[in-house]
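Structure file work-v7.txt with compact mmCIF, C-alpha atoms and all ligand atoms:
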```
# COMPACT_ATOMS: atom_id res chain seq x y z
CA VAL Q 1381 0.30 -15.37 -135.93
CA GLN Q 1382 -1.93 -12.53 -134.85
CA THR Q 1383 -0.68 -10.32 -137.67
CA VAL Q 1384 -1.36 -13.07 -140.19
CA GLY Q 1385 -4.86 -13.51 -138.74
CA GLU Q 1386 -5.54 -9.78 -138.85
CA LEU Q 1387 -4.28 -9.54 -142.39
CA LEU Q 1388 -6.43 -12.40 -143.58
CA LYS Q 1389 -9.54 -10.77 -142.19
CA LYS Q 1390 -9.03 -8.12 -144.89
CA ILE Q 1391 -9.57 -10.56 -147.70
CA ASN Q 1392 -12.62 -12.60 -148.21
CA ASN Q 1393 -10.75 -15.86 -148.72
CA ALA Q 1394 -12.86 -18.78 -149.89
CA ASN Q 1395 -11.04 -21.49 -147.97
CA PRO Q 1396 -10.41 -21.45 -144.22
CA VAL Q 1397 -7.05 -20.31 -142.92
CA LEU Q 1398 -5.46 -23.11 -140.94
CA PHE Q 1399 -3.26 -22.04 -138.04
CA ASP Q 1400 -0.36 -24.19 -136.82
CA GLU Q 1401 -0.98 -26.49 -139.74
CA PRO Q 1402 1.45 -29.45 -139.73
CA MET Q 1403 3.44 -29.25 -142.95
CA ARG Q 1404 3.99 -33.01 -142.97
CA ARG Q 1405 0.45 -33.15 -144.38
CA HIS Q 1406 1.62 -31.18 -147.41
CA THR Q 1407 5.01 -32.64 -148.30
CA SER Q 1408 5.91 -35.82 -150.18
CA PHE Q 1409 8.43 -36.56 -147.39
CA ARG Q 1410 5.57 -36.54 -144.84
CA ILE Q 1411 7.89 -34.43 -142.69
CA GLY Q 1412 7.57 -30.85 -141.44
CA GLY Q 1413 6.47 -28.90 -138.38
CA PRO Q 1414 3.64 -26.37 -138.18
CA ALA Q 1415 3.13 -23.41 -140.49
CA ASP Q 1416 1.92 -20.34 -138.57
CA ALA Q 1417 -0.84 -20.02 -141.14
CA TYR Q 1418 -1.74 -22.03 -144.21
CA LEU Q 1419 -4.19 -21.12 -146.93
CA ARG Q 1420 -5.20 -23.00 -150.04
CA VAL Q 1421 -5.73 -20.12 -152.44
CA ARG Q 1422 -8.89 -20.41 -154.54
CA ASP Q 1423 -7.83 -18.72 -157.75
CA GLU Q 1424 -5.59 -16.13 -159.37
CA GLU Q 1425 -7.78 -13.22 -158.36
CA GLU Q 1426 -7.65 -14.18 -154.67
CA LEU Q 1427 -3.92 -14.77 -154.90
CA ARG Q 1428 -3.31 -11.33 -156.40
CA ARG Q 1429 -5.20 -9.54 -153.65
CA LEU Q 1430 -3.58 -11.60 -150.95
CA PHE Q 1431 -0.08 -11.24 -152.33
CA ALA Q 1432 -0.41 -7.45 -152.50
CA LEU Q 1433 -1.47 -7.39 -148.82
CA ILE Q 1434 1.35 -9.70 -147.78
CA LEU Q 1435 3.92 -7.53 -149.52
CA GLU Q 1436 2.45 -4.38 -148.02
CA ALA Q 1437 2.54 -5.89 -144.52
CA GLU Q 1438 6.01 -7.34 -145.19
CA LEU Q 1439 4.86 -10.70 -143.89
CA PRO Q 1440 7.03 -13.74 -144.47
CA TYR Q 1441 5.42 -16.17 -146.90
CA PHE Q 1442 6.17 -19.42 -148.65
CA ILE Q 1443 4.66 -20.56 -151.95
CA LEU Q 1444 3.80 -24.25 -151.89
CA GLY Q 1445 3.34 -26.48 -154.93
CA GLU Q 1446 3.01 -30.18 -154.16
CA GLY Q 1447 5.83 -30.13 -151.63
CA ALA Q 1448 7.79 -32.77 -153.55
CA ASN Q 1449 11.19 -31.06 -153.47
CA ILE Q 1450 11.31 -29.60 -149.98
CA LEU Q 1451 12.39 -30.55 -146.48
CA VAL Q 1452 10.43 -28.48 -143.98
CA SER Q 1453 12.08 -28.06 -140.58
CA ASP Q 1454 10.66 -29.66 -137.46
CA ARG Q 1455 10.01 -26.16 -136.10
CA GLY Q 1456 7.88 -25.42 -139.14
CA ILE Q 1457 7.40 -22.25 -141.17
CA ARG Q 1458 6.96 -18.73 -139.79
CA GLY Q 1459 4.47 -16.54 -141.61
CA ILE Q 1460 1.99 -17.79 -144.16
CA VAL Q 1461 2.09 -20.70 -146.56
CA LEU Q 1462 0.15 -20.16 -149.76
CA ASP Q 1463 -0.84 -23.44 -151.36
CA LEU Q 1464 -1.56 -22.81 -155.04
CA ALA Q 1465 -3.40 -26.08 -155.72
CA GLY Q 1466 -6.52 -24.03 -156.58
CA LEU Q 1467 -4.84 -22.56 -159.68
CA ASN Q 1468 -5.62 -25.75 -161.54
CA THR Q 1469 -7.12 -24.84 -164.88
CA CYS Q 1470 -5.56 -26.01 -168.08
CA ARG Q 1471 -6.49 -24.76 -171.55
CA LEU Q 1472 -5.38 -24.90 -175.13
CA ALA Q 1473 -4.28 -21.64 -176.79
CA PRO Q 1474 -6.52 -20.97 -179.83
CA GLU Q 1475 -5.33 -22.55 -183.06
CA SER Q 1476 -2.06 -23.74 -181.64
CA SER Q 1477 -0.42 -26.67 -179.89
CA THR Q 1478 0.34 -24.63 -176.79
CA ILE Q 1479 -1.14 -25.67 -173.46
CA ILE Q 1480 -1.49 -23.03 -170.77
CA ALA Q 1481 -1.55 -24.66 -167.35
CA GLY Q 1482 -2.16 -23.02 -163.98
CA ALA Q 1483 0.68 -23.21 -161.46
CA GLY Q 1484 -1.34 -25.50 -159.20
CA CYS Q 1485 -2.01 -28.19 -161.82
CA SER Q 1486 -0.11 -31.36 -161.21
CA MET Q 1487 2.35 -31.98 -164.03
CA SER Q 1488 0.95 -35.47 -164.57
CA ALA Q 1489 -2.61 -34.13 -164.94
CA VAL Q 1490 -1.41 -31.66 -167.60
CA ILE Q 1491 0.38 -34.46 -169.45
CA GLU Q 1492 -2.77 -36.61 -169.38
CA GLN Q 1493 -4.77 -33.67 -170.71
CA ALA Q 1494 -2.17 -33.11 -173.45
CA ARG Q 1495 -2.48 -36.78 -174.46
CA ASP Q 1496 -6.27 -36.45 -174.65
CA TRP Q 1497 -5.81 -33.43 -176.91
CA GLY Q 1498 -3.29 -35.37 -179.04
CA LEU Q 1499 -0.30 -33.29 -177.97
CA ALA Q 1500 3.15 -34.69 -177.30
CA GLY Q 1501 6.33 -33.39 -175.71
CA LEU Q 1502 5.91 -33.55 -171.94
CA GLU Q 1503 5.71 -37.34 -171.48
CA PHE Q 1504 9.20 -37.42 -169.94
CA ALA Q 1505 7.79 -35.77 -166.81
CA TYR Q 1506 4.85 -38.14 -166.37
CA ALA Q 1507 4.58 -39.59 -162.85
CA MET Q 1508 7.18 -37.15 -161.53
CA PRO Q 1509 5.47 -35.70 -158.45
CA GLY Q 1510 5.01 -31.94 -158.54
CA SER Q 1511 2.99 -28.99 -159.74
CA VAL Q 1512 3.46 -26.86 -162.84
CA GLY Q 1513 4.65 -23.92 -160.69
CA GLY Q 1514 7.12 -25.99 -158.68
CA SER Q 1515 8.44 -27.75 -161.77
CA ILE Q 1516 9.04 -24.46 -163.59
CA TYR Q 1517 10.66 -22.93 -160.50
CA MET Q 1518 12.98 -25.97 -160.12
CA ASN Q 1519 13.32 -26.44 -163.90
CA ALA Q 1520 12.71 -30.09 -163.09
CA ARG Q 1521 14.58 -32.52 -165.29
CA CYS Q 1522 14.47 -36.21 -166.07
CA TYR Q 1523 15.33 -38.61 -168.87
CA GLY Q 1524 17.51 -35.95 -170.50
CA THR Q 1525 14.86 -33.25 -170.84
CA SER Q 1526 14.09 -30.20 -168.69
CA VAL Q 1527 10.71 -28.55 -168.21
CA ALA Q 1528 12.10 -25.32 -169.71
CA ASP Q 1529 12.80 -27.16 -172.99
CA ARG Q 1530 9.04 -27.15 -173.64
CA LEU Q 1531 8.20 -23.75 -172.13
CA GLU Q 1532 7.09 -20.84 -174.26
CA TYR Q 1533 6.29 -18.29 -171.58
CA VAL Q 1534 5.48 -18.03 -167.88
CA ASP Q 1535 2.89 -15.73 -166.33
CA ILE Q 1536 4.03 -14.38 -162.99
CA LEU Q 1537 3.12 -12.00 -160.22
CA ASP Q 1538 6.22 -9.90 -159.81
CA GLU Q 1539 7.77 -8.48 -156.63
CA ASN Q 1540 5.22 -5.63 -156.73
CA ALA Q 1541 2.22 -7.96 -157.13
CA GLY Q 1542 1.84 -6.91 -160.79
CA CYS Q 1543 1.10 -9.51 -163.46
CA MET Q 1544 3.62 -9.95 -166.22
CA ARG Q 1545 4.37 -12.39 -169.01
CA TRP Q 1546 7.89 -13.78 -168.98
CA PRO Q 1547 9.00 -14.98 -172.43
CA VAL Q 1548 11.25 -18.00 -172.03
CA ARG Q 1549 14.79 -17.62 -173.33
CA GLN Q 1550 16.64 -20.91 -172.99
CA GLU Q 1551 19.83 -19.12 -171.95
CA ASP Q 1552 18.08 -17.95 -168.74
CA PHE Q 1553 17.51 -21.57 -167.68
CA GLY Q 1554 20.06 -24.24 -166.85
CA TYR Q 1555 20.44 -27.61 -165.21
CA LYS Q 1556 17.83 -27.54 -162.39
CA HIS Q 1557 18.04 -23.77 -162.55
CA SER Q 1558 15.39 -21.18 -163.41
CA PRO Q 1559 15.47 -17.39 -163.22
CA PHE Q 1560 12.62 -17.55 -160.67
CA GLN Q 1561 14.95 -18.97 -158.04
CA ALA Q 1562 16.57 -15.55 -157.72
CA ARG Q 1563 13.29 -13.61 -157.61
CA LYS Q 1564 10.43 -13.23 -155.19
CA SER Q 1565 7.85 -13.66 -157.90
CA VAL Q 1566 4.93 -16.09 -157.91
CA ILE Q 1567 4.44 -18.29 -160.95
CA LEU Q 1568 0.79 -18.16 -162.03
CA ALA Q 1569 0.85 -20.33 -165.13
CA GLY Q 1570 3.15 -21.85 -167.71
CA ALA Q 1571 2.61 -22.16 -171.46
CA PHE Q 1572 4.06 -25.35 -172.96
CA ARG Q 1573 4.68 -25.56 -176.70
CA LEU Q 1574 3.84 -29.12 -177.73
CA THR Q 1575 3.58 -31.01 -181.00
CA PRO Q 1576 0.64 -32.94 -182.46
CA GLY Q 1577 0.87 -36.68 -181.90
CA GLU Q 1578 -1.14 -39.85 -181.73
CA GLY Q 1579 -2.86 -40.41 -178.35
CA GLU Q 1580 -1.99 -44.10 -178.00
CA GLN Q 1581 1.67 -43.55 -178.76
CA ILE Q 1582 1.83 -40.62 -176.35
CA ASP Q 1583 0.20 -42.77 -173.69
CA ALA Q 1584 2.63 -45.64 -174.29
CA ARG Q 1585 5.57 -43.28 -173.70
CA MET Q 1586 3.94 -41.90 -170.54
CA GLN Q 1587 3.39 -45.39 -169.14
CA SER Q 1588 6.97 -46.44 -169.89
CA PHE Q 1589 8.33 -43.51 -167.87
CA LYS Q 1590 5.93 -44.29 -165.04
CA THR Q 1591 6.91 -47.96 -165.04
CA ASP Q 1592 10.59 -47.05 -164.99
CA ARG Q 1593 10.02 -44.92 -161.87
CA GLU Q 1594 8.03 -47.69 -160.22
CA GLN Q 1595 10.78 -50.20 -160.98
CA LYS Q 1596 13.38 -47.84 -159.51
CA GLY Q 1597 11.37 -47.78 -156.27
CA HIS Q 1598 10.47 -44.07 -156.36
CA PHE Q 1599 7.08 -44.61 -154.76
CA LEU Q 1600 7.93 -47.21 -152.12
CA PHE Q 1601 8.51 -44.72 -149.28
CA PRO Q 1602 7.84 -41.03 -148.68
CA CYS Q 1603 10.76 -39.03 -150.07
CA ALA Q 1604 11.50 -35.89 -152.05
CA GLY Q 1605 13.38 -37.33 -155.01
CA SER Q 1606 17.10 -36.71 -155.43
CA VAL Q 1607 18.79 -34.92 -152.56
CA PHE Q 1608 21.80 -33.70 -154.56
CA LYS Q 1609 22.32 -32.49 -158.11
CA ASN Q 1610 24.55 -34.41 -160.47
CA ASN Q 1611 27.84 -32.80 -161.47
CA ARG Q 1612 29.40 -33.74 -164.79
CA ASP Q 1613 32.87 -32.89 -163.48
CA PHE Q 1614 32.62 -35.84 -161.09
CA GLY Q 1615 32.26 -38.25 -164.03
CA ARG Q 1616 29.41 -40.26 -162.49
CA PRO Q 1617 25.99 -39.62 -161.00
CA THR Q 1618 25.82 -38.53 -157.38
CA GLY Q 1619 23.92 -41.72 -156.48
CA LYS Q 1620 26.94 -43.73 -157.61
CA ILE Q 1621 29.27 -41.56 -155.53
CA ILE Q 1622 27.17 -42.05 -152.39
CA ASP Q 1623 27.08 -45.79 -153.11
CA GLU Q 1624 30.90 -45.84 -153.41
CA LEU Q 1625 31.05 -44.13 -150.01
CA GLY Q 1626 29.26 -47.19 -148.61
CA LEU Q 1627 26.41 -45.11 -147.26
CA LYS Q 1628 23.43 -46.95 -148.76
CA GLY Q 1629 21.08 -48.07 -146.02
CA THR Q 1630 22.57 -45.73 -143.39
CA ARG Q 1631 19.84 -44.78 -140.98
CA ILE Q 1632 19.33 -42.06 -138.39
CA GLY Q 1633 16.05 -42.50 -136.58
CA ASP Q 1634 13.47 -43.18 -139.27
CA ALA Q 1635 15.44 -41.38 -142.00
CA GLU Q 1636 17.43 -43.65 -144.29
CA ILE Q 1637 19.69 -43.35 -147.31
CA SER Q 1638 17.74 -45.67 -149.52
CA ASN Q 1639 19.08 -49.02 -150.59
CA PHE Q 1640 17.52 -48.75 -154.03
CA HIS Q 1641 18.91 -45.30 -154.93
CA ALA Q 1642 21.65 -43.74 -152.82
CA ASN Q 1643 20.72 -40.18 -153.84
CA ILE Q 1644 17.26 -40.61 -152.31
CA ILE Q 1645 16.62 -40.35 -148.57
CA ILE Q 1646 13.43 -42.01 -147.41
CA ASN Q 1647 11.13 -41.61 -144.43
CA ARG Q 1648 10.53 -45.04 -142.91
CA GLY Q 1649 7.71 -43.79 -140.72
CA ASN Q 1650 8.24 -40.92 -138.33
CA ALA Q 1651 11.47 -39.40 -139.58
CA ARG Q 1652 12.27 -35.89 -138.37
CA ALA Q 1653 13.67 -33.16 -140.56
CA ASP Q 1654 16.79 -32.89 -138.38
CA GLU Q 1655 17.46 -36.61 -138.93
CA VAL Q 1656 17.25 -36.14 -142.70
CA LEU Q 1657 19.53 -33.12 -142.43
CA ALA Q 1658 22.04 -35.14 -140.37
CA LEU Q 1659 22.16 -37.73 -143.18
CA ILE Q 1660 22.61 -34.99 -145.78
CA GLN Q 1661 25.50 -33.53 -143.80
CA LEU Q 1662 27.04 -36.97 -143.35
CA ILE Q 1663 27.01 -37.52 -147.13
CA GLU Q 1664 28.49 -34.06 -147.72
CA GLU Q 1665 31.30 -34.60 -145.21
CA ARG Q 1666 32.19 -38.06 -146.56
CA ALA Q 1667 32.17 -36.85 -150.21
CA ARG Q 1668 34.46 -33.99 -149.25
CA HIS Q 1669 36.75 -36.18 -147.20
CA SER Q 1670 37.02 -39.15 -149.57
CA PHE Q 1671 36.86 -37.45 -152.98
CA ALA Q 1672 37.30 -33.71 -152.30
CA TYR Q 1673 33.86 -33.21 -153.89
CA THR Q 1674 31.48 -30.46 -152.83
CA LEU Q 1675 28.01 -31.82 -153.52
CA GLU Q 1676 25.30 -29.34 -154.43
CA ARG Q 1677 21.89 -29.82 -152.81
CA GLU Q 1678 18.83 -30.11 -154.99
CA LEU Q 1679 16.43 -30.58 -152.07
CA LEU Q 1680 15.37 -27.22 -150.62
CA LEU Q 1681 15.46 -26.66 -146.87
CA VAL Q 1682 12.40 -24.65 -145.94
CA GLY Q 1683 11.26 -23.00 -142.71
CA ASP Q 1684 12.71 -22.22 -139.34
CA TRP Q 1685 15.98 -24.20 -138.95
C1 LIG J 1701 9.47 -39.77 -155.99
C2 LIG J 1701 10.01 -38.47 -156.50
C3 LIG J 1701 10.70 -38.44 -157.70
C4 LIG J 1701 11.22 -37.23 -158.19
N1 LIG J 1701 11.89 -37.23 -159.40
C5 LIG J 1701 12.35 -36.07 -159.89
C6 LIG J 1701 13.01 -36.02 -161.16
O1 LIG J 1701 13.15 -37.03 -161.85
N2 LIG J 1701 13.48 -34.83 -161.61
C7 LIG J 1701 13.33 -33.69 -160.88
O2 LIG J 1701 13.75 -32.62 -161.34
N3 LIG J 1701 12.70 -33.69 -159.68
C8 LIG J 1701 12.21 -34.84 -159.17
N4 LIG J 1701 11.58 -34.85 -157.96
C9 LIG J 1701 11.41 -33.60 -157.22
C10 LIG J 1701 10.08 -32.91 -157.57
O3 LIG J 1701 9.22 -33.82 -158.19
C11 LIG J 1701 10.27 -31.73 -158.52
O4 LIG J 1701 11.27 -30.84 -158.06
C12 LIG J 1701 8.96 -30.96 -158.71
O5 LIG J 1701 9.12 -30.11 -159.80
C13 LIG J 1701 8.60 -30.14 -157.47
O6 LIG J 1701 7.35 -29.54 -157.68
P1 LIG J 1701 6.44 -29.13 -156.45
O7 LIG J 1701 5.20 -28.54 -156.97
O8 LIG J 1701 6.30 -30.27 -155.53
O9 LIG J 1701 7.34 -28.00 -155.77
P2 LIG J 1701 7.49 -27.69 -154.19
O10 LIG J 1701 8.33 -28.75 -153.58
O11 LIG J 1701 6.17 -27.42 -153.59
O12 LIG J 1701 8.32 -26.33 -154.25
C14 LIG J 1701 9.64 -26.31 -154.75
C15 LIG J 1701 10.09 -24.84 -154.84
O13 LIG J 1701 9.30 -24.20 -155.85
C16 LIG J 1701 8.69 -23.05 -155.31
N5 LIG J 1701 7.38 -22.90 -155.95
C17 LIG J 1701 6.41 -23.84 -156.07
N6 LIG J 1701 5.37 -23.35 -156.77
C18 LIG J 1701 5.69 -22.07 -157.06
C19 LIG J 1701 5.00 -21.02 -157.75
N7 LIG J 1701 3.79 -21.19 -158.28
N8 LIG J 1701 5.63 -19.82 -157.86
C20 LIG J 1701 6.86 -19.63 -157.35
N9 LIG J 1701 7.55 -20.58 -156.68
C21 LIG J 1701 6.97 -21.78 -156.55
C22 LIG J 1701 8.54 -23.32 -153.81
O14 LIG J 1701 8.41 -22.11 -153.08
C23 LIG J 1701 9.85 -24.05 -153.56
O15 LIG J 1701 10.90 -23.11 -153.40
C24 LIG J 1701 11.05 -36.05 -157.46
C25 LIG J 1701 10.34 -36.08 -156.24
C26 LIG J 1701 9.82 -37.28 -155.76
C27 LIG J 1701 9.05 -37.29 -154.48
```
Show the structure stored in the file as C-alpha cells.
Ligand SMILES: Cc1cc2nc3c(=O)[nH]c(=O)nc-3n(C[C@H](O)[C@H](O)[C@H](O)COP(=O)(O)OP(=O)(O)OC[C@H]3O[C@@H](n4cnc5c(N)ncnc54)[C@H](O)[C@@H]3O)c2cc1C
Amino acid sequence: VQTVGELLKKINNANPVLFDEPMRRHTSFRIGGPADAYLRVRDEEELRRLFALILEAELPYFILGEGANILVSDRGIRGIVLDLAGLNTCRLAPESSTIIAGAGCSMSAVIEQARDWGLAGLEFAYAMPGSVGGSIYMNARCYGTSVADRLEYVDILDENAGCMRWPVRQEDFGYKHSPFQARKSVILAGAFRLTPGEGEQIDARMQSFKTDREQKGHFLFPCAGSVFKNNRDFGRPTGKIIDELGLKGTRIGDAEISNFHANIIINRGNARADEVLALIQLIEERARHSFAYTLERELLLVGDW
C-alpha cells in the first residue's frame, strides 16, 4: 500500500486515490473485498502517465470497466485498480459512419448516441451492462452478434505504455474471445463501423432487446451475467444443462443459482465471493460427474483468492 501511495504522489491525479476501497461498490455482483488502492482515472493523458509509472515500478494493477463480468475475492485486490470510467468521450469519425468511443463509455450510452446520430448496428448490445473497454476485452456477445463484428479498430496502450492502433481482423476474435485477453495492454477506445438508419427504428430495436432482458429477469438481483460459456458440442445451452442437473435455486449463504436462468448466479443480499465460487464448483463437479462435461467459465475471478 505504501508503494502505491508513494507512486501516486508522482502523478498529479485529478481524483483522490481511495485506499482499501471495497470492490463491492464497483461490481454488478455487489461483491468484493478491498482494493489496496483505487483510482478513477480522469482521461487518457493521466492514464498514460500512470500506466508508465506502474510498469516501471512493476506494481500489480487491475483495469476496471463496469465490473459486470467479474467476481472479486473477499480478500480483495492487491495493488492498484484503475477505473477507466473517465475515458467517456464518444465522437463520430469525419465523413463516415464510424463511432469512436472511449473505453470508459458504457455500451448503452454509445448505442443511444449512435441512435441520435442515425447509426445502426450495435442495438443487440443495448441494456447489456458493461463498458466499451470491457466489452471489447470480453468480445461480449448476445442475440447472435459479437462486439467484434462491428469493430474497425481498437486503440490501446501496449505493454510498454506506448499507444498503438490495432486493426481488427475477425480471425483474431472468437466466441467470447479477444486477442487482448492474452496481453497486458489497456484498451483506450474502440471504433465501431455502423450503418445509417432511421432513429425510430433503431430505438425500437434497442427497446425490444432491453425488454427481452427485463423479461428474462436479468436486472432483478445483483449478478454478473452468465457464469459459464456455451459449448456447441454439448448440443444445448449451459443454462439448460444446469437445469437438467436440478441445481436451479440451490443456495449457499446469500448466493443462489437463479430460478429464472440457471447459468446466472445471483446475490440475494450479502453473498460472499467464496459462496459464489462454491456454487460454481458445485456446478462444475455435477456437470463432470453426470455428463462428463467440462464447463468453461465466462465469469472472471479477480483478486487475491
Ligand atoms: C445482467 C447482466 C447481463 C449480461 N449479459 C451479457 C450478455 O448477454 N453477453 C455477454 O457477453 N456478457 C453479458 N454480461 C457480462 C458483461 O455485461 C459483459 O462481459 C461486459 O462486456 C463486461 O464489461 P465491463 O466493462 O463490466 O467489464 P469488467 O467486468 O469491468 O472487466 C472484464 C474484463 O475486461 C478487462 N477490461 C475492462 N476494461 C478494460 C480496458 N479498457 N482495457 C483492458 N482490459 C479491460 C478487465 O480487466 C476484466 O479482465 C452480462 C452481465 C450482467 C450483469
If the limit is 6 Å from any atom of ligand LIG 1701 (chain J), counting all atoms listed in the file, which residues qualify? Return them as a PyMOL selection string. chain Q and resi 1408+1442-1450+1483+1508-1511+1513-1515+1517-1518+1520-1522+1566-1568+1598-1599+1603-1605
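Between atom CA of Q:Arg1422 and atom CA of Q:Thr1478 lies a distance of 24.5 Å.
Here atom CA of Q:Ala1541 and atom CA of Q:Gly1554 stand 26.0 Å from one another.
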Taking all atoms of stretch 1594-1607 of chain Q that appear in the file, build a box with edges along x, y and z, extend it by 8 Å on every side, and state its centre and edge lengths in Å to one decimal, as JSON.
```
{"center_x": 12.9, "center_y": -42.6, "center_z": -154.8, "size_x": 27.7, "size_y": 31.3, "size_z": 28.3}
```
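Rounded to one decimal, atom CA of Q:Asp1454 and atom CA of Q:Asn1647 lie 13.8 Å from each other.
If you measure from each of Q:Ala1489, Q:Leu1467, Q:Ala1653, Q:Ile1660 to Q:Gly1683 using all atoms listed in the file, the closest one turns out to be Q:Ala1653.
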Contacts of Q:Gly1413 at 7 Å (all atoms listed in the file; same-chain gap of 4+ positions) as a ChimeraX atom specification: /Q:1402-1404,1452-1456
Would you please work out which residue, of Q:Leu1625, Q:Leu1451, Q:Leu1387, Q:Leu1439, is nearest to Q:Val1656 when using all atoms listed in the file? Q:Leu1451
Compile the contact shell of stretch 1630-1645 of chain Q as a PDB file with C-alpha atoms, keeping the file's coordinate frame: residues with an atom at most 9 Å away, counting only C-alpha atoms, same-chain residues fewer than 4 positions apart removed.
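File produced: result-v3.pdb:
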```pdb
ATOM      1  CA  LYS Q1596      13.380 -47.840-159.510  1.00  0.00           C
ATOM      2  CA  GLY Q1597      11.370 -47.780-156.270  1.00  0.00           C
ATOM      3  CA  HIS Q1598      10.470 -44.070-156.360  1.00  0.00           C
ATOM      4  CA  PRO Q1602       7.840 -41.030-148.680  1.00  0.00           C
ATOM      5  CA  CYS Q1603      10.760 -39.030-150.070  1.00  0.00           C
ATOM      6  CA  ALA Q1604      11.500 -35.890-152.050  1.00  0.00           C
ATOM      7  CA  GLY Q1605      13.380 -37.330-155.010  1.00  0.00           C
ATOM      8  CA  SER Q1606      17.100 -36.710-155.430  1.00  0.00           C
ATOM      9  CA  VAL Q1607      18.790 -34.920-152.560  1.00  0.00           C
ATOM     10  CA  PHE Q1608      21.800 -33.700-154.560  1.00  0.00           C
ATOM     11  CA  LYS Q1609      22.320 -32.490-158.110  1.00  0.00           C
ATOM     12  CA  PRO Q1617      25.990 -39.620-161.000  1.00  0.00           C
ATOM     13  CA  THR Q1618      25.820 -38.530-157.380  1.00  0.00           C
ATOM     14  CA  GLY Q1619      23.920 -41.720-156.480  1.00  0.00           C
ATOM     15  CA  LYS Q1620      26.940 -43.730-157.610  1.00  0.00           C
ATOM     16  CA  ILE Q1621      29.270 -41.560-155.530  1.00  0.00           C
ATOM     17  CA  ILE Q1622      27.170 -42.050-152.390  1.00  0.00           C
ATOM     18  CA  ASP Q1623      27.080 -45.790-153.110  1.00  0.00           C
ATOM     19  CA  GLY Q1626      29.260 -47.190-148.610  1.00  0.00           C
ATOM     20  CA  GLY Q1649       7.710 -43.790-140.720  1.00  0.00           C
ATOM     21  CA  ASN Q1650       8.240 -40.920-138.330  1.00  0.00           C
ATOM     22  CA  ALA Q1651      11.470 -39.400-139.580  1.00  0.00           C
ATOM     23  CA  ARG Q1652      12.270 -35.890-138.370  1.00  0.00           C
ATOM     24  CA  ALA Q1653      13.670 -33.160-140.560  1.00  0.00           C
ATOM     25  CA  GLU Q1655      17.460 -36.610-138.930  1.00  0.00           C
ATOM     26  CA  VAL Q1656      17.250 -36.140-142.700  1.00  0.00           C
ATOM     27  CA  ALA Q1658      22.040 -35.140-140.370  1.00  0.00           C
ATOM     28  CA  LEU Q1659      22.160 -37.730-143.180  1.00  0.00           C
ATOM     29  CA  ILE Q1660      22.610 -34.990-145.780  1.00  0.00           C
TER      30      ILE Q1660
END
```
Taking (-1.2, -43.0, -163.4) in the file's coordinates, which residues come within 8 Å, counting all atoms listed in the file, written as a VMD selection string? chain Q and resid 1488 1507 1587 1590
Residues within 6 Å of (-1.0, -22.4, -147.7), file coords, only C-alpha atoms, listed as a tab-separated table (two decimals) with C-alpha atoms, in the frame of the given file:
```tsv
chain	number	residue	atom	x	y	z
Q	1418	TYR	CA	-1.74	-22.03	-144.21
Q	1419	LEU	CA	-4.19	-21.12	-146.93
Q	1420	ARG	CA	-5.20	-23.00	-150.04
Q	1461	VAL	CA	2.09	-20.70	-146.56
Q	1462	LEU	CA	0.15	-20.16	-149.76
Q	1463	ASP	CA	-0.84	-23.44	-151.36
```
Pick the closest to Q:Thr1407 from Q:Leu1388, Q:Arg1612, Q:Val1682, Q:Ala1432: which is it, counting all atoms listed in the file? Q:Val1682
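The closest residue to Q:Leu1433, picked from Q:Asp1583, Q:Glu1386, Q:Glu1551, Q:Glu1678 and counting all atoms listed in the file, is Q:Glu1386.
Neighbours of Q:Glu1424 closer than or equal to 9 Å, with all atoms listed in the file counted and sequence neighbours fewer than 3 positions away skipped, come out as Val1421, Leu1427, Arg1428, Arg1429, Leu1464, Gly1466, Leu1467, Gly1482 and Leu1568 of chain Q.
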